[in-house]
file input34.pdb (PDB, C-alpha atoms)
ATOM      1  CA  MET A 866      -4.102  -4.026  70.811
ATOM      2  CA  THR A 867      -2.139  -7.010  69.548
ATOM      3  CA  THR A 868      -0.507  -7.533  66.195
ATOM      4  CA  LYS A 869       0.148 -10.765  64.380
ATOM      5  CA  ARG A 870       3.702 -11.650  63.516
ATOM      6  CA  LYS A 871       4.061 -11.526  59.753
ATOM      7  CA  ARG A 872       5.231 -14.900  58.482
ATOM      8  CA  ARG A 873       7.587 -15.243  55.566
ATOM      9  CA  ASP A 874       6.436 -16.267  52.119
ATOM     10  CA  ALA A 875       6.290 -20.061  52.078
ATOM     11  CA  TYR A 876       8.236 -20.061  48.814
ATOM     12  CA  ALA A 877      10.873 -17.524  49.858
ATOM     13  CA  ARG A 878      14.409 -18.811  50.388
ATOM     14  CA  THR A 879      17.440 -17.288  52.081
ATOM     15  CA  VAL A 880      20.640 -18.760  50.685
ATOM     16  CA  VAL A 881      23.691 -18.294  52.904
ATOM     17  CA  PRO A 882      27.249 -19.646  52.967
ATOM     18  CA  LEU A 883      27.936 -21.836  55.968
ATOM     19  CA  PRO A 884      30.984 -21.248  58.186
ATOM     20  CA  GLU A 885      33.961 -23.512  57.540
ATOM     21  CA  ARG A 886      34.287 -24.309  61.237
ATOM     22  CA  GLU A 887      32.481 -27.465  62.302
ATOM     23  CA  LEU A 888      29.297 -26.786  64.251
ATOM     24  CA  SER A 889      30.521 -29.043  67.066
ATOM     25  CA  GLU A 890      33.682 -26.934  67.399
ATOM     26  CA  SER A 891      31.604 -23.755  67.600
ATOM     27  CA  ILE A 892      29.419 -25.218  70.352
ATOM     28  CA  LEU A 893      32.474 -26.264  72.365
ATOM     29  CA  HIS A 894      33.942 -22.793  71.907
ATOM     30  CA  LEU A 895      30.693 -21.193  73.075
ATOM     31  CA  ALA A 896      30.694 -23.410  76.169
ATOM     32  CA  GLU A 897      34.406 -22.907  76.892
ATOM     33  CA  PRO A 898      33.960 -20.422  79.813
ATOM     34  CA  LEU A 899      31.787 -23.009  81.576
ATOM     35  CA  LEU A 900      33.922 -26.027  80.718
ATOM     36  CA  GLU A 901      37.253 -24.590  81.874
ATOM     37  CA  PRO A 902      36.287 -24.350  85.587
ATOM     38  CA  LEU A 903      35.428 -28.071  85.535
ATOM     39  CA  GLY A 904      39.135 -28.896  85.357
ATOM     40  CA  PRO A 905      41.159 -31.189  83.087
ATOM     41  CA  GLN A 906      39.193 -34.341  83.970
ATOM     42  CA  PRO A 907      35.596 -33.313  84.630
ATOM     43  CA  ALA A 908      32.814 -35.700  85.456
ATOM     44  CA  SER A 909      31.124 -36.677  82.211
ATOM     45  CA  ASP A 910      27.647 -35.769  83.526
ATOM     46  CA  GLU A 911      28.791 -32.276  84.530
ATOM     47  CA  ALA A 912      30.336 -31.559  81.156
ATOM     48  CA  ARG A 913      27.283 -32.970  79.388
ATOM     49  CA  ARG A 914      24.985 -30.586  81.301
ATOM     50  CA  VAL A 915      27.139 -27.649  80.200
ATOM     51  CA  ILE A 916      27.043 -28.778  76.567
ATOM     52  CA  GLU A 917      23.276 -29.262  76.708
ATOM     53  CA  LEU A 918      22.835 -25.755  78.084
ATOM     54  CA  ALA A 919      25.077 -24.293  75.358
ATOM     55  CA  ILE A 920      23.156 -26.148  72.640
ATOM     56  CA  ASN A 921      19.759 -25.041  73.978
ATOM     57  CA  LEU A 922      20.914 -21.435  74.131
ATOM     58  CA  TRP A 923      22.496 -21.621  70.660
ATOM     59  CA  ASN A 924      19.347 -23.037  69.061
ATOM     60  CA  ALA A 925      17.106 -20.532  70.843
ATOM     61  CA  HIS A 926      19.166 -17.584  69.622
ATOM     62  CA  VAL A 927      19.266 -18.863  66.026
ATOM     63  CA  ALA A 928      15.502 -19.453  66.021
ATOM     64  CA  ALA A 929      14.860 -15.924  67.331
ATOM     65  CA  SER A 930      17.235 -14.219  64.892
ATOM     66  CA  LEU A 931      15.782 -11.672  62.466
ATOM     67  CA  PHE A 932      18.361 -12.554  59.841
ATOM     68  CA  TRP A 933      16.680 -15.767  58.678
ATOM     69  CA  GLY A 934      13.310 -14.255  57.755
ATOM     70  CA  ASP A 935      10.943 -15.998  60.184
ATOM     71  CA  PRO A 936      12.026 -15.264  63.777
ATOM     72  CA  ARG A 937      10.584 -17.525  66.473
ATOM     73  CA  PRO A 938      11.301 -15.865  69.821
ATOM     74  CA  LYS A 939       9.345 -18.181  72.136
ATOM     75  CA  PRO A 940      12.169 -20.701  72.854
ATOM     76  CA  LEU A 941      14.570 -17.882  73.722
ATOM     77  CA  ALA A 942      11.977 -16.144  75.898
ATOM     78  CA  ALA A 943      11.297 -19.404  77.754
ATOM     79  CA  LEU A 944      15.008 -20.033  78.287
ATOM     80  CA  ARG A 945      15.549 -16.473  79.476
ATOM     81  CA  LYS A 946      12.707 -16.856  81.978
ATOM     82  CA  ALA A 947      14.048 -20.188  83.222
ATOM     83  CA  MET A 948      17.560 -18.840  83.735
ATOM     84  CA  ARG A 949      16.813 -15.286  84.846
ATOM     85  CA  GLY A 950      13.461 -15.628  86.555
ATOM     86  CA  LYS A 951      12.837 -15.496  90.289
ATOM     87  CA  GLN A 952      12.835 -19.288  90.544
ATOM     88  CA  ALA A 953      16.181 -19.690  88.742
ATOM     89  CA  ARG A 954      19.157 -21.118  90.599
ATOM     90  CA  SER A 955      21.861 -18.727  91.719
ATOM     91  CA  GLY A 956      24.328 -17.938  88.952
ATOM     92  CA  LEU A 957      22.105 -18.979  86.044
ATOM     93  CA  ALA A 958      21.303 -15.383  85.130
ATOM     94  CA  ASP A 959      25.013 -14.577  84.805
ATOM     95  CA  THR A 960      25.519 -17.731  82.731
ATOM     96  CA  PHE A 961      22.703 -16.717  80.393
ATOM     97  CA  GLU A 962      24.186 -13.253  79.879
ATOM     98  CA  LEU A 963      27.723 -14.616  79.423
ATOM     99  CA  LEU A 964      26.794 -17.172  76.769
ATOM    100  CA  SER A 965      24.334 -14.840  75.029
ATOM    101  CA  ALA A 966      26.941 -12.087  74.726
ATOM    102  CA  ARG A 967      29.459 -14.621  73.440
ATOM    103  CA  TRP A 968      26.965 -15.919  70.852
ATOM    104  CA  ARG A 969      26.054 -12.408  69.655
ATOM    105  CA  LYS A 970      29.712 -11.428  69.281
ATOM    106  CA  GLU A 971      30.967 -14.514  67.458
ATOM    107  CA  PHE A 972      28.073 -16.490  66.003
ATOM    108  CA  ALA A 973      25.173 -14.144  65.220
ATOM    109  CA  PHE A 974      25.524 -14.766  61.458
ATOM    110  CA  ASP A 975      25.680 -18.550  61.732
ATOM    111  CA  PRO A 976      22.276 -19.996  60.678
ATOM    112  CA  ARG A 977      22.976 -23.583  61.741
ATOM    113  CA  LEU A 978      20.843 -25.370  64.305
ATOM    114  CA  VAL A 979      21.950 -28.373  66.334
ATOM    115  CA  GLY A 980      19.859 -31.481  65.697
ATOM    116  CA  ALA A 981      20.640 -34.846  67.265
ATOM    117  CA  TRP A 982      23.905 -34.841  69.220
ATOM    118  CA  SER A 983      26.133 -37.028  71.363
ATOM    119  CA  PHE A 984      28.887 -36.079  73.783
ATOM    120  CA  ASP A 985      31.732 -37.814  75.607
ATOM    121  CA  ALA A 986      34.508 -36.544  77.852
ATOM    122  CA  THR A 987      37.605 -38.720  77.455
ATOM    123  CA  GLU A 988      39.922 -39.698  80.298
ATOM    124  CA  ASP A 989      42.628 -37.347  79.048
ATOM    125  CA  GLY A 990      40.280 -34.345  79.318
ATOM    126  CA  ARG A 991      39.311 -34.025  75.673
ATOM    127  CA  TYR A 992      35.729 -33.388  74.637
ATOM    128  CA  GLN A 993      34.104 -35.245  71.760
ATOM    129  CA  LEU A 994      30.909 -33.659  70.491
ATOM    130  CA  VAL A 995      29.110 -34.987  67.433
ATOM    131  CA  CYS A 996      26.033 -33.149  66.235
ATOM    132  CA  ALA A 997      23.745 -33.117  63.228
ATOM    133  CA  THR A 998      23.268 -29.794  61.462
ATOM    134  CA  THR A 999      19.869 -28.454  60.443
ATOM    135  CA  LEU A1000      18.782 -25.046  59.142
ATOM    136  CA  PRO A1001      15.810 -22.772  59.928
ATOM    137  CA  ASP A1002      12.774 -23.043  57.654
ATOM    138  CA  GLY A1003      13.381 -21.229  54.394
ATOM    139  CA  VAL A1004      17.174 -21.148  54.772
ATOM    140  CA  GLU A1005      19.390 -23.053  52.358
ATOM    141  CA  ALA A1006      23.136 -23.590  52.386
ATOM    142  CA  HIS A1007      25.039 -21.901  49.602
ATOM    143  CA  VAL A1008      27.069 -24.429  47.617
ATOM    144  CA  PRO A1009      29.662 -22.626  45.461
ATOM    145  CA  PRO A1010      29.487 -23.450  41.742
ATOM    146  CA  PRO A1011      32.456 -25.145  40.025
ATOM    147  CA  ALA A1012      35.440 -22.806  39.625
ATOM    148  CA  GLU A1013      35.407 -23.203  35.847
ATOM    149  CA  LYS A1014      32.007 -21.484  35.721
ATOM    150  CA  ARG A1015      32.958 -18.531  37.908
ATOM    151  CA  ILE A1016      34.381 -15.060  37.335
ATOM    152  CA  ALA A1017      36.235 -13.011  39.930
ATOM    153  CA  ILE A1018      37.295  -9.360  39.901
ATOM    154  CA  GLY A1019      39.453  -7.866  42.610
ATOM    155  CA  GLY A1020      39.432 -11.106  44.583
ATOM    156  CA  LYS A1021      35.617 -11.325  44.681
ATOM    157  CA  PHE A1022      33.523 -13.883  42.813
ATOM    158  CA  LEU A1023      30.761 -12.043  40.983
ATOM    159  CA  ASP A1024      28.115 -14.528  42.135
ATOM    160  CA  GLU A1025      29.060 -13.737  45.755
ATOM    161  CA  VAL A1026      28.719  -9.960  45.471
ATOM    162  CA  SER A1027      25.844  -8.804  47.691
ATOM    163  CA  ILE A1028      23.941  -5.549  47.154
ATOM    164  CA  ARG A1029      22.082  -4.304  50.214
ATOM    165  CA  GLN A1030      18.325  -3.819  49.840
ATOM    166  CA  SER A1031      17.334  -3.362  53.484
ATOM    167  CA  ALA A1032      18.707  -3.915  56.979
ATOM    168  CA  THR A1033      18.407  -7.683  56.596
ATOM    169  CA  SER A1034      18.007  -8.225  52.838
ATOM    170  CA  TYR A1035      20.658  -8.484  50.129
ATOM    171  CA  LEU A1036      20.523  -9.057  46.387
ATOM    172  CA  SER A1037      22.998 -11.179  44.441
ATOM    173  CA  PHE A1038      23.077 -12.720  40.982
ATOM    174  CA  PRO A1039      23.877 -16.399  40.320
ATOM    175  CA  VAL A1040      26.845 -17.536  38.288
ATOM    176  CA  ASP A1041      24.851 -17.895  35.047
ATOM    177  CA  ASN A1042      24.225 -14.119  35.028
ATOM    178  CA  HIS A1043      27.903 -13.462  34.297
ATOM    179  CA  SER A1044      30.165 -14.489  31.447
ATOM    180  CA  GLY A1045      33.724 -13.840  30.365
ATOM    181  CA  GLU A1046      35.959 -14.376  27.352
ATOM    182  CA  VAL A1047      39.700 -14.109  26.846
ATOM    183  CA  GLY A1048      40.373 -12.652  23.410
ATOM    184  CA  ALA A1049      43.304 -11.896  21.168
ATOM    185  CA  GLY A1050      46.068  -9.730  22.528
ATOM    186  CA  GLY A1051      45.254 -10.679  26.103
ATOM    187  CA  PHE A1052      42.090  -8.591  26.261
ATOM    188  CA  VAL A1053      39.320  -9.925  28.511
ATOM    189  CA  THR A1054      35.639  -9.134  28.024
ATOM    190  CA  ILE A1055      33.233  -9.667  30.909
ATOM    191  CA  HIS A1056      29.448  -9.362  30.920
ATOM    192  CA  ALA A1057      27.950  -8.934  34.403
ATOM    193  CA  LYS A1058      24.808  -7.603  36.015
ATOM    194  CA  MET A1059      25.017  -3.830  36.455
ATOM    195  CA  PRO A1060      24.250  -3.810  40.227
ATOM    196  CA  THR A1061      27.093  -6.289  40.758
ATOM    197  CA  ILE A1062      29.603  -4.015  39.032
ATOM    198  CA  VAL A1063      28.311  -0.902  40.831
ATOM    199  CA  GLN A1064      28.850  -2.726  44.139
ATOM    200  CA  LEU A1065      32.429  -3.611  43.161
ATOM    201  CA  PHE A1066      33.105   0.056  42.429
ATOM    202  CA  ALA A1067      31.497   1.052  45.746
ATOM    203  CA  GLU A1068      33.688  -1.402  47.663
ATOM    204  CA  GLY A1069      36.840  -0.137  45.949
ATOM    205  CA  ARG A1070      37.542  -3.527  44.372
ATOM    206  CA  LEU A1071      37.299  -2.111  40.878
ATOM    207  CA  ALA A1072      39.189   1.036  39.900
ATOM    208  CA  PRO A1073      38.008   3.536  37.252
ATOM    209  CA  VAL A1074      38.971   3.128  33.596
ATOM    210  CA  GLY A1075      42.748   3.358  33.295
ATOM    211  CA  GLY A1076      43.176   3.107  37.067
ATOM    212  CA  ALA A1077      45.010   0.678  39.277
ATOM    213  CA  PRO A1078      45.165  -2.938  38.088
ATOM    214  CA  VAL A1079      43.023  -5.633  39.679
ATOM    215  CA  GLU A1080      43.237  -9.415  39.729
ATOM    216  CA  VAL A1081      40.873 -11.044  37.229
ATOM    217  CA  MET A1082      39.857 -14.697  37.018
ATOM    218  CA  VAL A1083      37.720 -16.216  34.258
ATOM    219  CA  GLY A1084      36.628 -19.831  34.158
ATOM    220  CA  GLY A1085      38.842 -20.780  37.056
ATOM    221  CA  LYS A1086      41.951 -19.369  35.373
ATOM    222  CA  LYS A1087      43.807 -16.530  37.080
ATOM    223  CA  LEU A1088      44.770 -13.962  34.456
ATOM    224  CA  GLY A1089      46.904 -11.781  36.690
ATOM    225  CA  PRO A1090      46.697  -8.014  37.211
ATOM    226  CA  MET A1091      44.570  -6.267  34.587
ATOM    227  CA  VAL A1092      43.517  -2.698  33.942
ATOM    228  CA  LEU A1093      39.934  -1.739  33.137
ATOM    229  CA  SER A1094      40.008  -0.116  29.703
ATOM    230  CA  GLU A1095      36.346   0.182  28.751
ATOM    231  CA  VAL A1096      32.872   0.129  30.343
ATOM    232  CA  SER A1097      29.553   0.124  28.540
ATOM    233  CA  CYS A1098      26.040  -1.168  29.121
ATOM    234  CA  THR A1099      24.025  -3.681  27.189
ATOM    235  CA  GLY A1100      21.208  -6.105  27.868
ATOM    236  CA  TYR A1101      18.321  -7.985  26.366
ATOM    237  CA  GLY A1102      14.816  -6.915  25.449
ATOM    238  CA  GLY A1103      15.712  -3.233  25.767
ATOM    239  CA  HIS A1104      16.844  -3.574  29.382
ATOM    240  CA  ASN A1105      20.277  -2.027  29.744
ATOM    241  CA  ASP A1106      21.017  -3.925  32.940
ATOM    242  CA  VAL A1107      24.225  -5.655  31.907
ATOM    243  CA  ALA A1108      27.655  -4.087  32.206
ATOM    244  CA  LEU A1109      30.251  -4.884  29.560
ATOM    245  CA  LEU A1110      33.797  -4.580  30.889
ATOM    246  CA  VAL A1111      36.976  -4.813  28.838
ATOM    247  CA  PHE A1112      40.302  -5.412  30.585
ATOM    248  CA  ARG A1113      43.855  -5.318  29.239
ATOM    249  CA  ARG A1114      47.057  -6.672  30.660
ATOM    250  CA  ALA A1115      48.591  -4.407  33.290
ATOM    251  CA  THR A1116      52.151  -4.793  32.013
ATOM    252  CA  PRO A1117      53.829  -6.250  28.925
ATOM    253  CA  GLU A1118      55.571  -8.761  31.226
ATOM    254  CA  ALA A1119      52.165 -10.115  32.252
ATOM    255  CA  GLU A1120      51.549 -11.252  28.665
ATOM    256  CA  ALA A1121      54.671 -13.436  28.629
TER
END
call {"tool": "encode", "arguments": {"input": "input34.pdb", "output": "structure tokens"}}
result
Amino acid sequence: MTTKRKRRDAYARTVVPLPERELSESILHLAEPLLEPLGPQPASDEARRVIELAINLWNAHVAASLFWGDPRPKPLAALRKAMRGKQARSGLADTFELLSARWRKEFAFDPRLVGAWSFDATEDGRYQLVCATTLPDGVEAHVPPPAEKRIAIGGKFLDEVSIRQSATSYLSFPVDNHSGEVGAGGFVTIHAKMPTIVQLFAEGRLAPVGGAPVEVMVGGKKLGPMVLSEVSCTGYGGHNDVALLVFRRATPEAEA
């Protein structure tokens, strides 16, 4: 009996933040155990073969990953067979395991794929890799909204709070689901989606009413340490799915 692989909804999108490290740097780091034995001035063709192998393995692992909603395991299976099969050259199986373990440990949550690329090894032993970045189908890069539209509590932007739904699925609410206002006397009122606030409590970023102060930022302005003084729920259309938080200054000195 065979089963068909369930494909993702054509309209579904997974939005993820991309690592700050350049993709080319990550590829070179992945290939480092194979590049080092080549010495300080390797033959360009040798180094290029190593980089090509690292890129093929990287792309195969990303394509097969369950995290991006539509895993495509065939390229990884083909590469595994080529490097670990009976016809594979001596040492390729160990190379496959070494690079795969390195990828799983350090890059498993990086959704980027390598597109077109070029590589040069300079005379002084430096490597220059330039590569285009693409993403798996249905995956989009998260571009943070302008700071003046964002709210942060306890060092976490509310639009970046993720609530787990399943082993590979998380829920978050965009920046326009949250609002904040600085009122008279230094009081701050914040409206936010209830699951977002529950998650902040669960992570320990937000203390109970009257508890330890937390850093609060509204509209890109850091307001300093503040104490939660009131929590209530509100919403629209009879849905009490919005938390209303009121904060006060932690100390009189903070008002100065």
call {"tool": "residues_around", "arguments": {"input": "input34.pdb", "residues": "Phe1022 of chain A", "least_positions_apart": "4", "cutoff": "12 Å", "atoms": "only C-alpha atoms", "output": "list of chain:residue names"}}
result
A:Pro1009, A:Pro1010, A:Pro1011, A:Ala1012, A:Glu1013, A:Lys1014, A:Arg1015, A:Ile1016, A:Ala1017, A:Ile1018, A:Val1026, A:Ser1027, A:Ser1037, A:Phe1038, A:Pro1039, A:Val1040, A:His1043, A:Ser1044, A:Ala1057, A:Thr1061, A:Ile1062, A:Leu1065, A:Arg1070, A:Glu1080, A:Val1081, A:Met1082, A:Val1083, A:Gly1084, A:Gly1085
call {"tool": "write_last_selection", "arguments": {"input": "input34.pdb", "atoms": "C-alpha atoms", "output": "mmCIF file, in the frame of the given file"}}
result
data_model
loop_
_atom_site.group_PDB
_atom_site.id
_atom_site.type_symbol
_atom_site.label_atom_id
_atom_site.label_comp_id
_atom_site.auth_asym_id
_atom_site.auth_seq_id
_atom_site.Cartn_x
_atom_site.Cartn_y
_atom_site.Cartn_z
ATOM 1 C CA PRO A 1009 29.662 -22.626 45.461
ATOM 2 C CA PRO A 1010 29.487 -23.450 41.742
ATOM 3 C CA PRO A 1011 32.456 -25.145 40.025
ATOM 4 C CA ALA A 1012 35.440 -22.806 39.625
ATOM 5 C CA GLU A 1013 35.407 -23.203 35.847
ATOM 6 C CA LYS A 1014 32.007 -21.484 35.721
ATOM 7 C CA ARG A 1015 32.958 -18.531 37.908
ATOM 8 C CA ILE A 1016 34.381 -15.060 37.335
ATOM 9 C CA ALA A 1017 36.235 -13.011 39.930
ATOM 10 C CA ILE A 1018 37.295 -9.360 39.901
ATOM 11 C CA VAL A 1026 28.719 -9.960 45.471
ATOM 12 C CA SER A 1027 25.844 -8.804 47.691
ATOM 13 C CA SER A 1037 22.998 -11.179 44.441
ATOM 14 C CA PHE A 1038 23.077 -12.720 40.982
ATOM 15 C CA PRO A 1039 23.877 -16.399 40.320
ATOM 16 C CA VAL A 1040 26.845 -17.536 38.288
ATOM 17 C CA HIS A 1043 27.903 -13.462 34.297
ATOM 18 C CA SER A 1044 30.165 -14.489 31.447
ATOM 19 C CA ALA A 1057 27.950 -8.934 34.403
ATOM 20 C CA THR A 1061 27.093 -6.289 40.758
ATOM 21 C CA ILE A 1062 29.603 -4.015 39.032
ATOM 22 C CA LEU A 1065 32.429 -3.611 43.161
ATOM 23 C CA ARG A 1070 37.542 -3.527 44.372
ATOM 24 C CA GLU A 1080 43.237 -9.415 39.729
ATOM 25 C CA VAL A 1081 40.873 -11.044 37.229
ATOM 26 C CA MET A 1082 39.857 -14.697 37.018
ATOM 27 C CA VAL A 1083 37.720 -16.216 34.258
ATOM 28 C CA GLY A 1084 36.628 -19.831 34.158
ATOM 29 C CA GLY A 1085 38.842 -20.780 37.056
#
call {"tool": "resolve_selection", "arguments": {"input": "input34.pdb", "expression": "the PyMOL selection byres ((chain A and resi 1073-1079) around 12)", "output": "count of residues only"}}
result
36
call {"tool": "atom_distance", "arguments": {"input": "input34.pdb", "atom1": "atom CA of Glu885 of chain A", "atom2": "atom CA of Gly980 of chain A"}}
result
18.1 Å
call {"tool": "closest_residue", "arguments": {"input": "input34.pdb", "among": "A:Pro1060, A:Gly1045, A:Pro976, A:Gly1003", "to": "Leu888 of chain A", "atoms": "all atoms listed in the file"}}
result
A:Pro976
call {"tool": "resolve_selection", "arguments": {"input": "input34.pdb", "expression": "the PyMOL selection byres ((chain A and resi 997) around 9)", "output": "count of residues only"}}
result
11
call {"tool": "atom_distance", "arguments": {"input": "input34.pdb", "atom1": "atom CA of Asn1105 of chain A", "atom2": "atom CA of His1056 of chain A"}}
result
11.8 Å
call {"tool": "atom_distance", "arguments": {"input": "input34.pdb", "atom1": "atom CA of Ala966 of chain A", "atom2": "atom CA of Leu922 of chain A"}}
result
11.1 Å
call {"tool": "resolve_selection", "arguments": {"input": "input34.pdb", "expression": "the PyMOL selection byres ((chain A and resi 989) around 12)", "output": "PyMOL selection string"}}
result
chain A and resi 904-909+985-988+990-993
call {"tool": "residues_around", "arguments": {"input": "input34.pdb", "residues": "segment 951-961 of chain A", "least_positions_apart": "4", "cutoff": "10 Å", "atoms": "all atoms listed in the file", "output": "PyMOL selection string"}}
result
chain A and resi 898-899+918-919+922+944-947+965-967
call {"tool": "closest_residue", "arguments": {"input": "input34.pdb", "among": "A:Gly1100, A:Gly1051, A:Pro936, A:Pro884", "to": "Asp1002 of chain A", "atoms": "all atoms listed in the file"}}
result
A:Pro936
call {"tool": "closest_residue", "arguments": {"input": "input34.pdb", "among": "A:Glu887, A:Phe984, A:Val880, A:Ser1034", "to": "Val915 of chain A", "atoms": "all atoms listed in the file"}}
result
A:Phe984
call {"tool": "axis_aligned_box", "arguments": {"input": "input34.pdb", "around": "segment 1050-1067 of chain A", "padding_each_side": "5 Å", "output": "JSON"}}
result
{"center_x": 35.2, "center_y": -4.8, "center_z": 34.1, "size_x": 31.8, "size_y": 21.7, "size_z": 33.2}
call {"tool": "closest_residue", "arguments": {"input": "input34.pdb", "among": "A:Ser983, A:Thr1099, A:Ser930, A:Gln1064", "to": "Arg969 of chain A", "atoms": "only C-alpha atoms"}}
result
A:Ser930
